[in-house]
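Peer 1: Got a structure for you, start.pdb, holding PDB, C-alpha atoms.
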```pdb
ATOM      1  CA  MET A  21      11.375  11.092   1.596
ATOM      2  CA  SER A  22       7.675  10.693   1.003
ATOM      3  CA  ILE A  23       5.403   8.375  -0.921
ATOM      4  CA  ALA A  24       5.384   9.226  -4.578
ATOM      5  CA  VAL A  25       1.785   9.380  -5.696
ATOM      6  CA  ARG A  26       1.404   9.216  -9.426
ATOM      7  CA  SER A  27      -0.088  12.211 -11.136
ATOM      8  CA  SER A  28      -3.118  11.658 -13.330
ATOM      9  CA  ASP A  29      -1.064  12.290 -16.484
ATOM     10  CA  SER A  30       1.586   9.659 -15.782
ATOM     11  CA  PRO A  31       1.450   6.487 -17.855
ATOM     12  CA  ARG A  32      -0.216   3.537 -16.199
ATOM     13  CA  SER A  33      -1.632   0.306 -17.489
ATOM     14  CA  SER A  34      -5.357  -0.304 -17.280
ATOM     15  CA  GLY A  35      -4.763  -2.495 -14.241
ATOM     16  CA  SER A  36      -1.944  -3.495 -11.945
ATOM     17  CA  GLU A  37      -1.071  -6.890 -10.594
ATOM     18  CA  SER A  38      -2.128  -7.259  -6.997
ATOM     19  CA  PRO A  39      -0.060  -9.232  -4.499
ATOM     20  CA  PHE A  40      -3.296 -10.170  -2.725
ATOM     21  CA  GLY A  41      -4.575 -12.562  -5.334
ATOM     22  CA  ALA A  42      -3.100 -14.343  -8.293
ATOM     23  CA  GLY A  43      -4.336 -12.710 -11.462
ATOM     24  CA  LEU A  44      -6.296 -10.071  -9.546
ATOM     25  CA  ARG A  45      -6.104  -6.716 -11.314
ATOM     26  CA  LEU A  46      -6.914  -3.298  -9.937
ATOM     27  CA  THR A  47      -8.673  -0.743 -12.075
ATOM     28  CA  GLU A  48      -7.128   2.711 -12.297
ATOM     29  CA  ASP A  49      -9.797   4.139  -9.961
ATOM     30  CA  ARG A  50      -9.211   1.467  -7.339
ATOM     31  CA  LEU A  51      -5.447   1.903  -7.622
ATOM     32  CA  ASP A  52      -5.895   5.654  -7.045
ATOM     33  CA  ILE A  53      -7.922   4.902  -3.901
ATOM     34  CA  ALA A  54      -5.281   2.451  -2.646
ATOM     35  CA  GLU A  55      -2.512   4.993  -3.232
ATOM     36  CA  ALA A  56      -4.470   7.644  -1.314
ATOM     37  CA  VAL A  57      -4.962   5.236   1.595
ATOM     38  CA  LEU A  58      -1.241   4.409   1.662
ATOM     39  CA  ALA A  59      -0.343   8.100   1.551
ATOM     40  CA  GLY A  60      -2.702   8.623   4.505
ATOM     41  CA  ALA A  61      -1.054   5.765   6.378
ATOM     42  CA  TRP A  62       2.346   7.353   5.733
ATOM     43  CA  ARG A  63       1.166  10.716   7.116
ATOM     44  CA  THR A  64      -0.486   9.045  10.121
ATOM     45  CA  LEU A  65       2.656   7.131  11.053
ATOM     46  CA  ARG A  66       4.773  10.278  10.707
ATOM     47  CA  ALA A  67       2.305  12.228  12.874
ATOM     48  CA  ALA A  68       2.489   9.423  15.458
ATOM     49  CA  GLY A  69       6.207  10.030  15.800
ATOM     50  CA  PHE A  70       7.678   7.444  13.450
ATOM     51  CA  GLY A  71      10.776   8.712  11.687
ATOM     52  CA  GLU A  72      10.834   8.886   7.930
ATOM     53  CA  ALA A  73      13.354   6.049   7.721
ATOM     54  CA  GLU A  74      11.194   3.902  10.048
ATOM     55  CA  VAL A  75       8.104   4.426   7.910
ATOM     56  CA  GLN A  76      10.038   3.653   4.730
ATOM     57  CA  ALA A  77      11.452   0.490   6.322
ATOM     58  CA  LEU A  78       7.942  -0.569   7.362
ATOM     59  CA  PHE A  79       6.586  -0.041   3.844
ATOM     60  CA  ASP A  80       9.584  -1.923   2.413
ATOM     61  CA  GLN A  81       8.983  -4.817   4.811
ATOM     62  CA  ILE A  82       5.322  -4.965   3.810
ATOM     63  CA  ALA A  83       6.245  -4.876   0.126
ATOM     64  CA  ASP A  84       8.637  -7.794   0.635
ATOM     65  CA  ARG A  85       5.917  -9.960   2.221
ATOM     66  CA  PRO A  86       2.517  -8.959   0.754
ATOM     67  CA  GLU A  87       0.955 -12.344   1.501
ATOM     68  CA  ASP A  88       1.658 -11.868   5.242
ATOM     69  CA  LEU A  89      -0.036  -8.464   5.146
ATOM     70  CA  ALA A  90      -3.019  -9.807   3.231
ATOM     71  CA  ARG A  91      -3.489 -12.599   5.787
ATOM     72  CA  ARG A  92      -3.291 -10.148   8.713
ATOM     73  CA  LEU A  93      -5.733  -7.727   7.068
ATOM     74  CA  ARG A  94      -8.249 -10.525   6.416
ATOM     75  CA  LYS A  95      -7.928 -11.635  10.056
ATOM     76  CA  MET A  96      -8.588  -8.079  11.298
ATOM     77  CA  ALA A  97     -11.523  -7.628   8.917
ATOM     78  CA  ASN A  98     -13.093 -10.926   9.989
ATOM     79  CA  ALA A  99     -12.694 -10.020  13.685
ATOM     80  CA  ALA A 100     -14.591  -6.738  13.237
TER
END
```
In structure tokens, how does this file's structure come out?
Peer 2:
Amino acid sequence: MSIAVRSSDSPRSSGSESPFGAGLRLTEDRLDIAEAVLAGAWRTLRAAGFGEAEVQALFDQIADRPEDLARRLRKMANAA
């Protein structure tokens, strides 16, 4: 299984709700960038030896707790 990246002709709203901020909406361009980054993360984890099921479980875990991920990402960004 791999990440399904939407094709440019698939229907999509003008913005998508973001789990990282109440009411925050992503434009289509920014959503495309985010999807490309996630696809790259998927490929990187697979290349690092993670099994497909492990990567899917990791993405599922992140999706279940987006506020935890957002907090960790802000912490890493502020430390840099």
Peer 1: Report as AutoDock Vina command-line options the centre and the edge lengths, in Å to one decimal, of the axis-aligned box holding every listed atom of segment 91-99 of chain A, padded by 6 Å on each side.
Peer 2:
```
--center_x -8.2 --center_y -10.1 --center_z 9.7 --size_x 21.8 --size_y 17.0 --size_z 19.9
```
Peer 1: I want to know what sits within 7 Å of Val75 of chain A, based on all atoms listed in the file, with residues of the same chain fewer than 5 positions away left out; could you give that as a list in words?
Peer 2: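 Here the answer would be Trp62, Leu65 and Phe70 of chain A.
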Peer 1: Go ahead and write the selection's residues with C-alpha atoms as a compact mmCIF listing (two decimals), in the frame of the given file.
Peer 2:
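Saved file again.txt follows:
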```txt
# COMPACT_ATOMS: atom_id res chain seq x y z
CA TRP A 62 2.35 7.35 5.73
CA LEU A 65 2.66 7.13 11.05
CA PHE A 70 7.68 7.44 13.45
```
Peer 1: Distance atom CA of Arg45 of chain A-atom CA of Leu78 of chain A, one decimal place?
Peer 2: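 Atom CA of Leu78 of chain A lies 24.2 Å from atom CA of Arg45 of chain A.
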Peer 1: Could you list, as a list of chain:residue names, every residue within 10 Å of Phe79 of chain A, counting only C-alpha atoms and ignoring same-chain residues fewer than 4 positions away?
Peer 2: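 Contacts, in chain order: A:Ile23, A:Leu58, A:Ala61, A:Trp62, A:Ala73, A:Glu74, A:Val75, A:Ala83, A:Asp84.
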Peer 1: In Å, rounded to a single decimal, give me how far atom CA of Gln76 of chain A is from atom CA of Ala56 of chain A.
Peer 2: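 Separation of atom CA of Ala56 of chain A and atom CA of Gln76 of chain A: 16.2 Å.
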Peer 1: To one decimal in Å, tell me the separation between atom CA of Arg66 of chain A and atom CA of Ile53 of chain A.
Peer 2: 20.1 Å
